[in-house]
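The structure file target_38.txt is reproduced below (compact mmCIF, C-alpha atoms and all ligand atoms).
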```
# COMPACT_ATOMS: atom_id res chain seq x y z
CA MET A 202 94.54 151.97 137.29
CA THR A 203 92.27 153.96 139.59
CA LYS A 204 89.33 155.62 137.82
CA LEU A 205 88.15 159.10 138.69
CA SER A 206 84.37 159.32 138.86
CA VAL A 207 83.24 162.93 139.23
CA ASN A 208 80.27 163.42 141.55
CA ILE A 209 78.15 166.19 140.04
CA ASN A 210 75.72 166.67 142.95
CA LYS A 211 77.07 170.16 143.58
CA ILE A 212 76.42 171.24 139.99
CA ALA A 213 72.77 170.45 140.67
CA THR A 214 72.89 172.30 144.00
CA LEU A 215 73.94 175.44 142.15
CA ARG A 216 71.30 174.98 139.47
CA ASN A 217 68.56 174.47 142.04
CA ALA A 218 69.48 177.67 143.87
CA ARG A 219 67.77 179.73 141.13
CA GLY A 220 65.20 177.25 139.87
CA GLY A 221 66.36 177.54 136.26
CA ASP A 222 68.73 175.38 134.28
CA ARG A 223 72.09 177.04 134.85
CA PRO A 224 74.47 175.31 135.14
CA ASN A 225 73.05 172.49 133.04
CA VAL A 226 73.71 169.16 134.74
CA VAL A 227 73.76 167.11 131.53
CA GLN A 228 76.23 169.49 129.90
CA ALA A 229 78.42 169.40 133.01
CA ALA A 230 78.54 165.59 132.88
CA LYS A 231 79.47 165.67 129.19
CA ASP A 232 82.19 168.21 129.93
CA CYS A 233 83.60 166.19 132.84
CA GLU A 234 83.94 163.24 130.49
CA ARG A 235 85.45 165.42 127.75
CA PHE A 236 88.00 166.69 130.27
CA GLY A 237 89.04 163.16 131.23
CA ALA A 238 86.72 161.87 133.96
CA GLN A 239 86.32 158.11 133.70
CA GLY A 240 82.96 158.05 135.42
CA ILE A 241 80.03 160.17 136.57
CA THR A 242 78.54 159.74 140.04
CA VAL A 243 75.24 161.08 141.37
CA HIS A 244 73.59 160.65 144.73
CA PRO A 245 69.89 161.50 144.38
CA ARG A 246 68.49 162.12 147.83
CA PRO A 247 64.81 161.71 148.74
CA ASP A 248 64.30 165.49 149.03
CA GLU A 249 65.97 166.01 145.62
CA ARG A 250 67.95 168.88 147.09
CA HIS A 251 70.58 168.47 144.42
CA ILE A 252 70.30 165.69 141.83
CA ARG A 253 66.66 165.08 140.89
CA TYR A 254 65.30 161.75 139.79
CA ARG A 255 64.59 163.35 136.36
CA ASP A 256 68.31 164.22 136.08
CA VAL A 257 69.24 160.58 136.52
CA TYR A 258 67.09 159.53 133.55
CA ASP A 259 68.54 162.38 131.46
CA LEU A 260 72.11 161.50 132.42
CA LYS A 261 71.65 157.88 131.46
CA GLU A 262 71.10 159.03 127.87
CA ILE A 263 74.43 160.82 127.62
CA VAL A 264 76.96 159.28 130.01
CA THR A 265 79.47 157.33 127.94
CA THR A 266 81.86 156.40 130.75
CA GLU A 267 80.83 154.55 133.93
CA PHE A 268 77.58 155.76 135.49
CA ASN A 269 77.49 155.26 139.26
CA ILE A 270 74.31 155.96 141.22
CA GLU A 271 74.59 156.18 145.00
CA GLY A 272 71.85 156.07 147.56
CA ASN A 273 69.86 154.35 150.25
CA PRO A 274 67.91 151.49 148.63
CA THR A 275 64.38 152.67 149.38
CA PRO A 276 61.62 151.40 147.06
CA ASP A 277 61.78 154.68 145.05
CA PHE A 278 65.56 154.45 144.69
CA LEU A 279 65.38 150.82 143.62
CA LYS A 280 62.75 151.62 140.99
CA LEU A 281 64.99 154.39 139.66
CA VAL A 282 68.09 152.23 139.32
CA LYS A 283 66.12 149.35 137.82
CA ASP A 284 64.75 151.74 135.17
CA VAL A 285 68.08 153.39 134.47
CA ARG A 286 70.41 150.40 134.82
CA PRO A 287 73.71 152.16 135.44
CA GLU A 288 76.99 150.27 135.42
CA GLN A 289 77.25 150.53 139.20
CA VAL A 290 74.98 151.21 142.16
CA THR A 291 76.58 152.15 145.46
CA LEU A 292 74.35 151.47 148.45
CA VAL A 293 74.68 154.08 151.19
CA PRO A 294 72.78 153.84 154.51
CA ASP A 295 72.05 157.54 154.92
CA ALA A 296 69.04 158.97 156.71
CA PRO A 297 66.75 161.22 154.63
CA ASP A 298 67.69 164.26 156.73
CA ALA A 299 71.46 163.67 156.75
CA ILE A 300 73.40 166.70 155.51
CA THR A 301 75.73 164.30 153.75
CA SER A 302 76.68 160.63 154.07
CA ASN A 303 77.96 160.06 157.56
CA ALA A 304 78.50 156.30 158.07
CA GLY A 305 78.95 153.01 156.31
CA TRP A 306 76.67 149.98 156.50
CA ASP A 307 76.56 147.65 159.43
CA THR A 308 76.93 144.70 157.06
CA ILE A 309 76.31 142.16 159.81
CA LYS A 310 73.09 143.65 161.18
CA HIS A 311 71.70 144.29 157.68
CA LYS A 312 72.93 141.06 156.14
CA ASP A 313 69.57 139.77 154.87
CA PHE A 314 68.43 143.12 153.52
CA LEU A 315 71.71 143.75 151.67
CA THR A 316 71.83 140.21 150.32
CA ASN A 317 68.36 140.65 148.78
CA VAL A 318 69.04 144.08 147.28
CA ILE A 319 72.43 143.08 145.88
CA GLY A 320 70.90 139.91 144.43
CA GLU A 321 68.29 142.02 142.59
CA LEU A 322 70.94 144.39 141.22
CA ARG A 323 73.21 141.61 140.06
CA GLU A 324 70.33 139.87 138.31
CA LEU A 325 69.91 143.03 136.22
CA GLY A 326 73.61 143.10 135.39
CA ILE A 327 74.29 146.09 137.64
CA ARG A 328 77.52 146.00 139.63
CA ALA A 329 76.88 146.46 143.34
CA SER A 330 79.10 148.37 145.72
CA ILE A 331 78.40 149.05 149.38
CA PHE A 332 79.61 151.98 151.42
CA VAL A 333 81.50 150.80 154.51
CA ASP A 334 83.66 152.16 157.27
CA PRO A 335 87.25 150.88 157.34
CA VAL A 336 86.50 148.08 159.80
CA GLU A 337 87.61 144.54 158.97
CA GLU A 338 84.43 142.90 160.31
CA MET A 339 82.34 145.17 158.07
CA VAL A 340 84.42 144.14 155.07
CA GLU A 341 83.96 140.48 155.97
CA GLY A 342 80.23 141.17 156.29
CA ALA A 343 80.30 142.80 152.85
CA ALA A 344 81.83 139.68 151.35
CA ALA A 345 79.08 137.62 152.98
CA VAL A 346 76.32 139.61 151.23
CA ASN A 347 77.91 138.90 147.85
CA THR A 348 78.64 142.47 146.79
CA ASP A 349 81.01 143.05 143.87
CA ARG A 350 82.77 145.97 145.51
CA ILE A 351 82.98 148.06 148.63
CA GLU A 352 83.43 151.80 148.81
CA LEU A 353 85.49 152.83 151.82
CA TYR A 354 84.03 155.90 153.54
CA THR A 355 87.05 158.19 153.63
CA GLU A 356 85.82 161.03 155.85
CA ALA A 357 87.95 159.89 158.82
CA TYR A 358 91.01 159.56 156.60
CA ALA A 359 90.48 163.02 155.14
CA SER A 360 89.97 164.68 158.50
CA GLY A 361 93.02 162.94 160.03
CA TYR A 362 95.32 163.37 157.03
CA HIS A 363 96.98 166.64 158.02
CA LYS A 364 97.54 165.60 161.63
CA ASN A 365 99.12 162.19 160.97
CA ARG A 366 98.60 160.61 157.60
CA GLU A 367 100.16 157.25 158.52
CA GLU A 368 97.76 156.93 161.43
CA ALA A 369 94.83 158.11 159.31
CA ILE A 370 95.42 155.58 156.55
CA ALA A 371 96.15 152.56 158.81
CA PRO A 372 92.57 151.23 159.18
CA TYR A 373 91.98 151.80 155.46
CA LEU A 374 95.00 149.70 154.55
CA GLN A 375 93.78 146.87 156.81
CA ALA A 376 90.31 147.09 155.26
CA ALA A 377 91.77 147.12 151.74
CA LEU A 378 93.86 144.02 152.47
CA LYS A 379 90.79 142.30 153.87
CA ALA A 380 88.86 143.20 150.72
CA GLN A 381 91.65 141.73 148.64
CA GLU A 382 91.54 138.53 150.71
CA TYR A 383 87.83 138.18 149.86
CA ASN A 384 88.28 139.21 146.24
CA LEU A 385 86.14 142.30 146.64
CA GLY A 386 86.73 145.27 144.32
CA LEU A 387 87.76 148.43 146.14
CA ASN A 388 86.37 151.96 145.69
CA ALA A 389 86.78 154.95 147.99
CA GLY A 390 85.14 158.30 148.49
CA HIS A 391 84.06 161.22 150.65
CA ASP A 392 86.03 164.38 151.31
CA LEU A 393 88.89 163.35 149.05
CA ASP A 394 90.78 166.33 147.66
CA LEU A 395 93.99 167.42 145.96
CA ASP A 396 95.94 167.17 149.24
CA ASN A 397 94.91 163.74 150.45
CA LEU A 398 94.19 161.81 147.24
CA LYS A 399 97.69 160.83 146.14
CA TYR A 400 98.69 159.24 149.45
CA LEU A 401 95.46 157.23 149.54
CA HIS A 402 96.03 156.10 145.97
CA ASP A 403 99.67 155.19 146.56
CA THR A 404 98.93 153.28 149.78
CA LEU A 405 95.81 151.22 149.09
CA PRO A 406 96.35 148.17 146.86
CA ASN A 407 94.08 147.71 143.85
CA LEU A 408 92.02 150.83 144.34
CA LYS A 409 89.64 150.65 141.38
CA GLU A 410 87.77 153.92 141.65
CA VAL A 411 87.43 157.12 143.61
CA SER A 412 84.29 159.27 143.44
CA ILE A 413 84.91 162.91 144.22
CA GLY A 414 82.48 165.80 144.25
CA HIS A 415 82.54 168.51 146.87
CA ALA A 416 86.24 169.45 146.85
CA LEU A 417 86.61 168.98 143.10
CA ILE A 418 83.74 171.33 142.28
CA CYS A 419 85.08 173.86 144.83
CA ASP A 420 88.52 173.68 143.17
CA ALA A 421 86.91 174.15 139.77
CA LEU A 422 85.60 177.58 140.87
CA TYR A 423 89.17 178.78 141.10
CA LEU A 424 91.00 176.57 138.61
CA GLY A 425 88.37 175.76 135.99
CA LEU A 426 86.75 172.36 135.47
CA GLU A 427 89.12 171.05 132.81
CA ASN A 428 92.26 172.00 134.69
CA THR A 429 90.85 170.65 137.96
CA ILE A 430 89.96 167.26 136.50
CA GLN A 431 93.43 167.02 135.00
CA LEU A 432 94.98 167.81 138.38
CA TYR A 433 92.93 165.10 140.10
CA LEU A 434 93.82 162.60 137.39
CA ARG A 435 97.49 163.38 137.94
CA GLN A 436 97.18 162.33 141.61
CA LEU A 437 95.99 158.91 140.44
CA LYS A 438 99.00 158.09 138.27
C1 LIG B 501 78.47 158.36 149.51
C2 LIG B 501 79.19 159.61 149.60
O1 LIG B 501 80.08 159.78 150.38
C3 LIG B 501 78.84 160.73 148.68
O2 LIG B 501 77.73 160.49 147.94
C4 LIG B 501 78.61 161.94 149.41
O3 LIG B 501 77.72 161.65 150.41
C5 LIG B 501 78.10 163.05 148.56
O4 LIG B 501 76.76 163.31 148.81
P1 LIG B 501 76.29 164.80 149.01
O5 LIG B 501 76.74 165.55 147.78
O6 LIG B 501 74.81 164.73 149.12
O7 LIG B 501 76.95 165.34 150.24
N1 LIG B 502 81.12 158.52 147.03
C1 LIG B 502 81.69 159.75 147.39
C2 LIG B 502 81.30 160.81 146.45
O1 LIG B 502 80.63 160.55 145.48
C3 LIG B 502 81.72 162.19 146.63
O2 LIG B 502 81.88 162.58 147.95
P1 LIG B 502 82.42 164.07 148.19
O3 LIG B 502 83.70 164.24 147.39
O4 LIG B 502 81.37 165.01 147.69
O5 LIG B 502 82.67 164.16 149.66
```
Take the structure in the file and write it out as structure tokens.
Amino acid sequence: MTKLSVNINKIATLRNARGGDRPNVVQAAKDCERFGAQGITVHPRPDERHIRYRDVYDLKEIVTTEFNIEGNPTPDFLKLVKDVRPEQVTLVPDAPDAITSNAGWDTIKHKDFLTNVIGELRELGIRASIFVDPVEEMVEGAAAVNTDRIELYTEAYASGYHKNREEAIAPYLQAALKAQEYNLGLNAGHDLDLDNLKYLHDTLPNLKEVSIGHALICDALYLGLENTIQLYLRQLK
């Protein structure tokens, strides 16, 4: 079974646009779960342009499914996740000024750093996942730093899907098989949507979780949140 974790960053983007509390991020997380989401993902960025650190503490109180916190493991981020202790932390190597995540870890170059951070998370009982490009050496490097899971960065798959989906998925399948060889759990995310999700799900073996935000929240504007979550869940059957 592949779990759907809804990334609610964009709910916070909308709230922050007016400075008030509409839409309410905590209520949105509760509603996503009520409508069938099996996890809630947030990616607090240093400038707090969408999810704020305060939101993460508030969400911890109410999330009843799997809480996944993504981010670059700066000292502030590590303090946050150590306080909150979510089920999963996904380490993402994004620069503070990046518009969105735009690359996976170089797991070979950052081997010592990742090994230390993952060791700290695992000591606290937090599952560690690291964001990687679909490159076999990077998956091997991920296994070497003792992570529980990897999250494949699916931007290239999503942008190539309509041109040639077999070609777009090929490196992801190789990376997924490599992960299986090393007994690493497999997650995926970034730019997944109602067009490209089913083929990814049907092709990659043992895909444990997808985290989806931008397209899902855009779809919800037209289709409603409950209906949209149900449609995404249907792609994962
Ligand atoms: C790691 C990843 O791919 C997602 O967290 C994505 O970056 C969403 O973040 P933004 O909502 O800030 O674009
Ligand atoms: N980890 C990926 C994620 O949480 C959502 O990415 P996107 O759907 O907003 O591109």
From the list A:Ala230, A:Ala377, A:Val243, A:Ile351, which residue is nearest ligand LIG 501 (chain B) when using all atoms listed in the file?
A:Val243
Restricting the calculation to only C-alpha atoms and all ligand atoms, which member of A:His391, A:His363, A:Lys409, A:Lys399 is positioned closest to ligand LIG 501 (chain B)?
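Nearest candidate to ligand LIG 501 (chain B) out of A:His391, A:His363, A:Lys409, A:Lys399: A:His391.
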Within 12 Å of region 296-302 of chain A, counting all atoms listed in the file, which residues qualify if same-chain residues fewer than 3 places away don't, as a VMD selection string?
chain A and resid 210 to 211 244 to 251 271 to 275 292 to 293 305 to 306 332 to 334 353 to 356 390 to 392 414 to 415
Residues within 10 Å of Leu405 (chain A), please, as an mmCIF file with C-alpha atoms, in the coordinates of the input. Count only C-alpha atoms; anything in the same chain fewer than 3 positions from it doesn't count.
```cif
data_model
loop_
_atom_site.group_PDB
_atom_site.id
_atom_site.type_symbol
_atom_site.label_atom_id
_atom_site.label_comp_id
_atom_site.auth_asym_id
_atom_site.auth_seq_id
_atom_site.Cartn_x
_atom_site.Cartn_y
_atom_site.Cartn_z
ATOM 1 C CA ILE A 370 95.420 155.580 156.550
ATOM 2 C CA ALA A 371 96.150 152.560 158.810
ATOM 3 C CA TYR A 373 91.980 151.800 155.460
ATOM 4 C CA LEU A 374 95.000 149.700 154.550
ATOM 5 C CA GLN A 375 93.780 146.870 156.810
ATOM 6 C CA ALA A 376 90.310 147.090 155.260
ATOM 7 C CA ALA A 377 91.770 147.120 151.740
ATOM 8 C CA LEU A 378 93.860 144.020 152.470
ATOM 9 C CA LEU A 387 87.760 148.430 146.140
ATOM 10 C CA ALA A 389 86.780 154.950 147.990
ATOM 11 C CA TYR A 400 98.690 159.240 149.450
ATOM 12 C CA LEU A 401 95.460 157.230 149.540
ATOM 13 C CA HIS A 402 96.030 156.100 145.970
ATOM 14 C CA LEU A 408 92.020 150.830 144.340
ATOM 15 C CA LYS A 409 89.640 150.650 141.380
#
```
Select, from A:Val207, A:Leu395, A:Leu281, A:Ile212, the residue with the minimum atom-to-atom distance to ligand LIG 502 (chain B), counting only C-alpha atoms and all ligand atoms.
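When distances to ligand LIG 502 (chain B) are compared using only C-alpha atoms and all ligand atoms, the smallest one comes from A:Val207.
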Go ahead and compute the interatomic distance for CA of Asn397 (chain A) and CA of Ile270 (chain A), in Å to one decimal.
23.9 Å
As an exercise, work out the distance from CA of Ser330 (chain A) to CA of Arg350 (chain A) in Å and give it to one decimal place.
4.4 Å
Polymer residues at most 9 Å from (68.3, 157.6, 135.3) by all atoms listed in the file, as a list in words:
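Residues satisfying the cut-off, written out: Tyr254, Arg255, Asp256, Val257, Tyr258, Asp259, Leu260, Lys261, Glu262, Ile270, Leu281, Val282, Lys283, Asp284, Val285, Arg286 and Pro287 of chain A.
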Which residues, written as a list in words, have at least one atom at most 12 Å from Val318 (chain A), with only C-alpha atoms counted and residues fewer than 5 positions away on the same chain left out?
Asn273, Pro274, Thr275, Pro276, Phe278, Leu279, Lys280, Val282, Lys283, Val290, Thr291, Leu292, His311, Lys312, Asp313, Arg323, Glu324, Leu325, Ile327, Arg328, Ala329, Ser330, Ile331, Val346, Asn347 and Thr348 of chain A
Point-to-point distance from CA of Glu337 (chain A) to CA of Lys379 (chain A), Å rounded to tenths
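A separation of 6.4 Å between them.
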When distances are computed from only C-alpha atoms, which of A:Gly326, A:Glu341, A:Ile413, A:Asp277 shows the smallest separation from Asp307 (chain A)?
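Distance minimum relative to Asp307 (chain A) lands on A:Glu341.
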Just checking: using all atoms listed in the file, which residue out of A:Tyr358, A:Phe314, A:Phe236, A:Tyr383 ends up closest to ligand LIG 502 (chain B)?
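When distances to ligand LIG 502 (chain B) are compared using all atoms listed in the file, the smallest one comes from A:Tyr358.
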Which of these residues is nearest to Asn428 (chain A), using all atoms listed in the file: A:Arg235, A:Arg366, A:Phe268, A:Asp349?
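Nearest candidate to Asn428 (chain A) out of A:Arg235, A:Arg366, A:Phe268, A:Asp349: A:Arg235.
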